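Shown next, in structure tokens, is the structure this report addresses.
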Amino acid sequence: MRRSARFFTGLVLSLALGLCAAEAALARNLALVIGNDSYANVTSLQKAVSDARAIADQLEKLGYVVRRVENADQRGMSRALVAFNADIQPGDRALFYYAGHGFEIGGTNYLLPTDVPSVQTNQQDLIRDASFSVERVIDGIRDKGAGVAVLVLDACRNNPFANDRSRSVAATRGLARVDAPEGVFVLMSAGAKQEALDRLSDQDGNPNSVFTRSFLGELSKPGQTLVEIAKKTQVDVRALAASVGHDQTPAYYDQVIGDVVLSDAVDTTPQAGQQVASASPQGNTGPNIRTEINTVGRTEAGKGVSIGPGVKLGPGVTIGGKDSRIALQHPANPPTTDPAKALNLQQGGAATGQQLALVRPDTKPGQLTQPIGRAPIASFSRSNAGWTVTLSLPEPATALSYRVGEAGEFKETGLLDVLDQRTGGRMPNPSFSMSPRAQAGIIQVRYRSIDGADVGPFSIRFDPDIALYEDQRRNLTSIQGSWVEFRDFNGVLVYFTTLVSYRCAVTEVRYGLNGAPPLTRFDLPVCNMKDPYSIPNNAKTYLKLPGSTKSISVQVTWRDGSQSEINTVEKD
């Protein structure tokens with residue numbers, strides 16, 4: 001009977017420990033990092049984007065999967081928050097970092113997108129409508145069941161609406177205190193109603209704000225709890241600000257039960273037997289490390305703790321002490337039909353750290369600057385020789401002409417050796433060429449209708465950056481079956497040449513082998529706008545895979561933040 005009791009006790013303990021270990025292994029570290037410098041209607045900042053990049057880099061070193069957003073307008077921030085909340089699963093640790101303008105209205109703190117309007121007295125409702133309250137950010141994370149929510153706000157820098165030339169909104173100083181709900185930790189760059197310094201002086205060459213440079217230093221130190229990081233950051237920032245006669249003491253609001261350690265100094269080097277596939281012909285798996293989330297589910301039993309008759313766990317005994325590494329699919333942005341207003345995401349790759357000039361919130365190329373009823377539209381394609389502009393007219397025409405800019409002579413496109421059955425004459429050439437060095441600007445188009453009337457001119461916007469993205473995305477979408485290609489040469493090779501050639505449409509490529517989801521990143525070289533289709537000599541274009549590989553699944557993240565369908569290619 002005693003033996004049966006011991007067996008039952010041991011079984012229950014094993015099941016309990018197994019469940020705890022499984023829960024710890026499934027908990028993930030996710031972060032959304034936003035930096036806004038380039039404000040359209042209010043005072044711009046100098047270091048918010050640099051701050052966000054530095055924080056994102058450090059969080060990735062700590063094992064976080066980081067969603068990066070820079071200079072986001074209202075739609076961009078909204079989409080980023082929606083996508084981030086969609087990533088979160090119950091029990092996850094979610095960290096939100098924001099650097100940019102913030103504003104307090106009636107005790108509520110708002111984070112300002114780059115297109116927030118400039119307002120005057122009694123127009124504060126416009127700020128509310130165009131911005132994002134901190135409470136909204138907190139509620140979105142908590143509603144998804146995050147185990148811990150951490151908000152770090154470097155958003156108290158100055159009154160963005162102060163303007164000597166108009167009756168601006170009253171120059172409130174800083175943000176209000178935050179009543180954090182249970183499970184939430186908020187760290188702010190300055191205390192309530194204090195103004196945070198963007199820099200110590202005009203000669204301050206540090207790329208980060210006074211708060212972020214101090215916070216970064218503490219964040220990189222392993223083993224510190226959130227409270228320890230906050231308190232040490234307080235001391236450092238207070239001393240730096242006092243050196244220039246300024247009063248700034250970061251504030252934190254802690255409603256997290258227990259201690260939370262952001263950095264456990266976990267070794268992110270792949271362990272023996274963990275390599276799935278080589279990331280290069282030489283077998284370097286470095287880029288794959290950044291796709292891992294490191295969770296440490298460590299529970300120690302101290303002196304005197306006993307479980308069951310005769311079972312005792314002494315000092316140094318660890319339950320569930322192994323570091324659990326799990327791979328997480330790259331967080332997906334919601335699909336979009338408007339690539340012109342895109343999230344500012346960083347192209348992956350620890351080695352490059354290269355920031356793409358991403359799709360800007362601007363009028364799409366080919367659209368009229370002022371929409372008019374029956375008007376032509378344009379599409380743009382890029383080759384090594386330059387740009388080809390193809391026009392589509394709303395009615396039959398006998399002639400078509402254009403000019404680059406809003407002044408100068410119009411040029412006829414000429415006629416094709418093709419009859420237009422609607423007019424009975426030769427069809428006007430719908431295309432013309434432009435230099436590969438063509439700059440962003442306006443193209444004006446006019447045409448002659450079948451009744452002899454000259455119609456136009458119509459102004460069409462051309463942006464080579466956006467046009468290249470749209471052209472390459474169209475091309476990749478049409479040849480999805482050719483994104484990768486298997487070859488046998490001293491083993492199994494898979495070539496990513498097509499994706500490398502059209503990389504200016506893509507921020508990230510991920511793949512999986514033999515039916516596994518596409519989790520592992522394939523790093524692309526930097527997009528060269530001057531010669532977009534050339535492949536650098538040192539570019540990686542293929543992988544050497546295990547001989548057992550039968551198929552590869554590939555998914556790309558487009559520059560507008562949306563993702564392609566998973567494309568699976570079988571090895572012949």
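In the structure tokens, chains take the letters A, B, ... in the order shown, each chain's residues start at 1, and ligands count up from 1 in the order shown.
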
(Q) Give me the residues near Gly425 of chain A as number ranges by chain, where near means some atom within 12 Å (using only C-alpha atoms) and where sequence neighbours in that chain fewer than 4 positions away do not count. (A) A: 396-399, 415-421, 450

Closest-contact table, segment 148-239 of chain A side, partner segment 246-261 of chain A, 7 Å, counting only C-alpha atoms, as a tab-separated table:
```
residue	atom	partner	partner_atom	distance
A:Val178	CA	A:Tyr253	CA	6.8
A:Ala180	CA	A:Gln255	CA	6.2
A:Pro181	CA	A:Gln255	CA	6.2
A:Glu182	CA	A:Gln255	CA	4.8
A:Gly183	CA	A:Val256	CA	4.3
A:Val184	CA	A:Gln255	CA	5.4
A:Phe185	CA	A:Asp254	CA	4.7
A:Val186	CA	A:Tyr253	CA	5.1
A:Leu187	CA	A:Tyr252	CA	4.3
A:Met188	CA	A:Ala251	CA	5.3
A:Ser189	CA	A:Pro250	CA	4.6
A:Ala190	CA	A:Pro250	CA	3.9
A:Gly191	CA	A:Ala251	CA	4.8
A:Gln194	CA	A:Gln248	CA	6.3
A:Glu195	CA	A:Gln248	CA	6.8
A:Ala196	CA	A:Gln248	CA	6.2
A:Gly223	CA	A:Val261	CA	6.1
A:Gln224	CA	A:Val261	CA	5.7
A:Thr225	CA	A:Val261	CA	4.4
A:Leu226	CA	A:Val260	CA	5.8
A:Ala230	CA	A:Tyr252	CA	6.7
A:Gln234	CA	A:Pro250	CA	5.2
A:Val237	CA	A:Thr249	CA	6.4
A:Arg238	CA	A:Thr249	CA	5.0
```

Q | Selected residue, from A:Ile479, A:Glu409, A:Ile442, A:Ser449, that lies nearest to Arg422 of chain A when counting only C-alpha atoms | A | A:Ser449

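Atom pair atom CA of Val455 of chain A / atom CA of Ala375 of chain A: separated by 9.2 Å.
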
Q. So how far away is atom CA of Leu543 of chain A from atom CA of Leu493 of chain A, in Å?
A. 5.6 Å

(Q) Write out as a ChimeraX atom specification the set of residues from segment 37-132 of chain A that DSSP, computed on the backbone, places in helix (DSSP H, G or I). (A) /A:48-61,74-87,124-130

Q) Mind pulling up the distance from atom CA of Pro160 of chain A to atom CA of Asp125 of chain A? A)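 Distance between the two atoms: 15.5 Å.
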
Q.
Need to verify the contact set: Ser214 of chain A, 9 Å, only C-alpha atoms, exclusion of same-chain residues closer than 4 positions in sequence. Can you return it as a list in words?
A.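 Everything that qualifies: Ser209, Val210, Glu218, Leu219, Lys232, Thr233, Gln234, Asp236 and Val237 of chain A.
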
What does the file look like for those residues with N, CA and C atoms, as a short mmCIF file (atom, residue, chain, number, x, y, z; two decimals), in the first residue's frame?
```
data_model
loop_
_atom_site.label_atom_id
_atom_site.label_comp_id
_atom_site.auth_asym_id
_atom_site.auth_seq_id
_atom_site.Cartn_x
_atom_site.Cartn_y
_atom_site.Cartn_z
N SER A 209 18.40 59.34 -26.81
CA SER A 209 17.92 60.30 -25.83
C SER A 209 18.53 60.01 -24.47
N VAL A 210 18.40 60.96 -23.56
CA VAL A 210 18.99 60.80 -22.23
C VAL A 210 18.42 59.57 -21.54
N GLU A 218 21.16 49.48 -18.74
CA GLU A 218 20.65 48.55 -17.73
C GLU A 218 20.01 47.32 -18.37
N LEU A 219 19.38 47.52 -19.51
CA LEU A 219 18.71 46.41 -20.19
C LEU A 219 19.70 45.33 -20.61
N LYS A 232 17.67 51.82 -11.34
CA LYS A 232 19.01 52.23 -11.77
C LYS A 232 18.93 53.23 -12.92
N THR A 233 17.93 53.07 -13.80
CA THR A 233 17.73 54.05 -14.86
C THR A 233 17.33 55.39 -14.27
N GLN A 234 16.50 55.38 -13.25
CA GLN A 234 16.12 56.62 -12.57
C GLN A 234 17.36 57.37 -12.08
N ASP A 236 20.52 57.14 -12.96
CA ASP A 236 21.41 57.59 -14.03
C ASP A 236 20.83 58.79 -14.77
N VAL A 237 19.54 58.72 -15.11
CA VAL A 237 18.91 59.82 -15.85
C VAL A 237 18.84 61.08 -15.00
#
```

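Among the candidates A:Arg559, A:Lys193, A:Arg53, A:Arg487, the one nearest to Gly102 of chain A when counting only C-alpha atoms is A:Lys193.
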
Q. So which residues touch segment 89-100 of chain A within 6 Å, counting only C-alpha atoms, skipping near sequence neighbours fewer than 4 positions away, as a list of chain:residue names?
A. A:Ala27, A:Arg28, A:Asn29, A:Leu30, A:Ala31, A:Leu32, A:Val33, A:Ile34, A:Gly35, A:Asn36, A:Ala48, A:Gly145, A:Ala146, A:Gly147, A:Val148, A:Ala149, A:Val150, A:Leu151, A:Val152, A:Leu153, A:Asp154, A:Ala155

Q: Mind checking which residues fall within 10 Å of Lys550 of chain A, counting only C-alpha atoms, ignoring those fewer than 6 positions away in the same chain, and posting them as a list of chain:residue names?
A: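 Counting only C-alpha atoms, the residues come to A:Phe486, A:Val492, A:Leu513, A:Asn514, A:Gly515, A:Val569, A:Glu570, A:Lys571, A:Asp572.
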
Output all heavy atoms for every residue in that selection, as an mmCIF file, in the first residue's frame.
```cif
data_model
loop_
_atom_site.group_PDB
_atom_site.id
_atom_site.type_symbol
_atom_site.label_atom_id
_atom_site.label_comp_id
_atom_site.auth_asym_id
_atom_site.auth_seq_id
_atom_site.Cartn_x
_atom_site.Cartn_y
_atom_site.Cartn_z
ATOM 1 N N PHE A 486 15.441 23.551 -56.860
ATOM 2 C CA PHE A 486 16.332 22.500 -56.366
ATOM 3 C C PHE A 486 17.370 22.139 -57.431
ATOM 4 O O PHE A 486 17.067 22.104 -58.628
ATOM 5 C CB PHE A 486 15.536 21.237 -56.010
ATOM 6 C CG PHE A 486 14.887 21.284 -54.659
ATOM 7 C CD1 PHE A 486 13.542 21.571 -54.527
ATOM 8 C CD2 PHE A 486 15.632 21.036 -53.512
ATOM 9 C CE1 PHE A 486 12.943 21.607 -53.289
ATOM 10 C CE2 PHE A 486 15.041 21.067 -52.265
ATOM 11 C CZ PHE A 486 13.695 21.355 -52.145
ATOM 12 N N VAL A 492 22.295 18.276 -51.850
ATOM 13 C CA VAL A 492 21.055 18.950 -52.235
ATOM 14 C C VAL A 492 21.231 20.457 -52.058
ATOM 15 O O VAL A 492 21.534 20.924 -50.953
ATOM 16 C CB VAL A 492 19.867 18.451 -51.388
ATOM 17 C CG1 VAL A 492 18.598 19.217 -51.753
ATOM 18 C CG2 VAL A 492 19.666 16.959 -51.582
ATOM 19 N N LEU A 513 11.463 23.088 -44.109
ATOM 20 C CA LEU A 513 11.784 21.893 -44.883
ATOM 21 C C LEU A 513 10.821 20.754 -44.568
ATOM 22 O O LEU A 513 10.366 20.602 -43.435
ATOM 23 C CB LEU A 513 13.214 21.438 -44.587
ATOM 24 C CG LEU A 513 14.333 22.473 -44.811
ATOM 25 C CD1 LEU A 513 15.675 21.865 -44.462
ATOM 26 C CD2 LEU A 513 14.315 23.001 -46.239
ATOM 27 N N ASN A 514 10.502 19.987 -45.622
ATOM 28 C CA ASN A 514 9.724 18.752 -45.484
ATOM 29 C C ASN A 514 8.417 18.964 -44.733
ATOM 30 O O ASN A 514 8.084 18.227 -43.801
ATOM 31 C CB ASN A 514 10.565 17.671 -44.787
ATOM 32 C CG ASN A 514 11.784 17.278 -45.591
ATOM 33 O OD1 ASN A 514 11.760 17.347 -46.829
ATOM 34 N ND2 ASN A 514 12.845 16.877 -44.920
ATOM 35 N N GLY A 515 7.674 19.977 -45.128
ATOM 36 C CA GLY A 515 6.364 20.234 -44.542
ATOM 37 C C GLY A 515 6.374 21.085 -43.301
ATOM 38 O O GLY A 515 5.305 21.451 -42.803
ATOM 39 N N VAL A 569 7.593 23.916 -52.770
ATOM 40 C CA VAL A 569 8.218 23.378 -53.974
ATOM 41 C C VAL A 569 8.759 21.991 -53.646
ATOM 42 O O VAL A 569 9.509 21.814 -52.681
ATOM 43 C CB VAL A 569 9.348 24.298 -54.470
ATOM 44 C CG1 VAL A 569 10.040 23.690 -55.686
ATOM 45 C CG2 VAL A 569 8.804 25.676 -54.800
ATOM 46 N N GLU A 570 8.367 21.009 -54.449
ATOM 47 C CA GLU A 570 8.804 19.635 -54.255
ATOM 48 C C GLU A 570 10.099 19.382 -55.019
ATOM 49 O O GLU A 570 10.296 19.886 -56.122
ATOM 50 C CB GLU A 570 7.731 18.652 -54.731
ATOM 51 C CG GLU A 570 6.375 18.821 -54.065
ATOM 52 C CD GLU A 570 6.354 18.301 -52.641
ATOM 53 O OE1 GLU A 570 7.263 17.505 -52.302
ATOM 54 O OE2 GLU A 570 5.438 18.686 -51.891
ATOM 55 N N LYS A 571 10.968 18.589 -54.420
ATOM 56 C CA LYS A 571 12.181 18.165 -55.110
ATOM 57 C C LYS A 571 11.847 17.024 -56.064
ATOM 58 O O LYS A 571 11.169 16.073 -55.690
ATOM 59 C CB LYS A 571 13.240 17.712 -54.103
ATOM 60 C CG LYS A 571 14.573 17.308 -54.716
ATOM 61 C CD LYS A 571 15.560 16.936 -53.616
ATOM 62 C CE LYS A 571 16.898 16.521 -54.206
ATOM 63 N NZ LYS A 571 16.776 15.268 -54.989
ATOM 64 N N ASP A 572 12.286 17.109 -57.302
ATOM 65 C CA ASP A 572 11.990 16.071 -58.293
ATOM 66 C C ASP A 572 12.637 14.746 -57.895
ATOM 67 O O ASP A 572 13.734 14.705 -57.363
ATOM 68 C CB ASP A 572 12.501 16.501 -59.669
ATOM 69 C CG ASP A 572 11.737 17.706 -60.180
ATOM 70 O OD1 ASP A 572 10.579 17.883 -59.751
ATOM 71 O OD2 ASP A 572 12.305 18.462 -60.995
#
```

Q: Apply DSSP to the backbone of this structure and, from segment 100-216 of chain A, keep only the residues in strand (DSSP E or B); write these as a list of chain:residue names.
A: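 Filtering segment 100-216 of chain A to strand (DSSP E or B) leaves A:Gly102, A:Phe103, A:Glu104, A:Ile105, A:Thr108, A:Asn109, A:Tyr110, A:Leu111, A:Gln120, A:Phe132, A:Ser133, A:Val148, A:Ala149, A:Val150, A:Leu151, A:Val152, A:Leu153, A:Asp154, A:Ser168, A:Val184, A:Phe185, A:Val186, A:Leu187, A:Met188.
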
Q. Smallest atom-to-atom distance to Thr497 of chain A: which of A:Asn85, A:Thr541, A:Ser118, A:Asn109, using only C-alpha atoms?
A.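 Looking only at the distances to Thr497 of chain A, the closest residue turns out to be A:Thr541.
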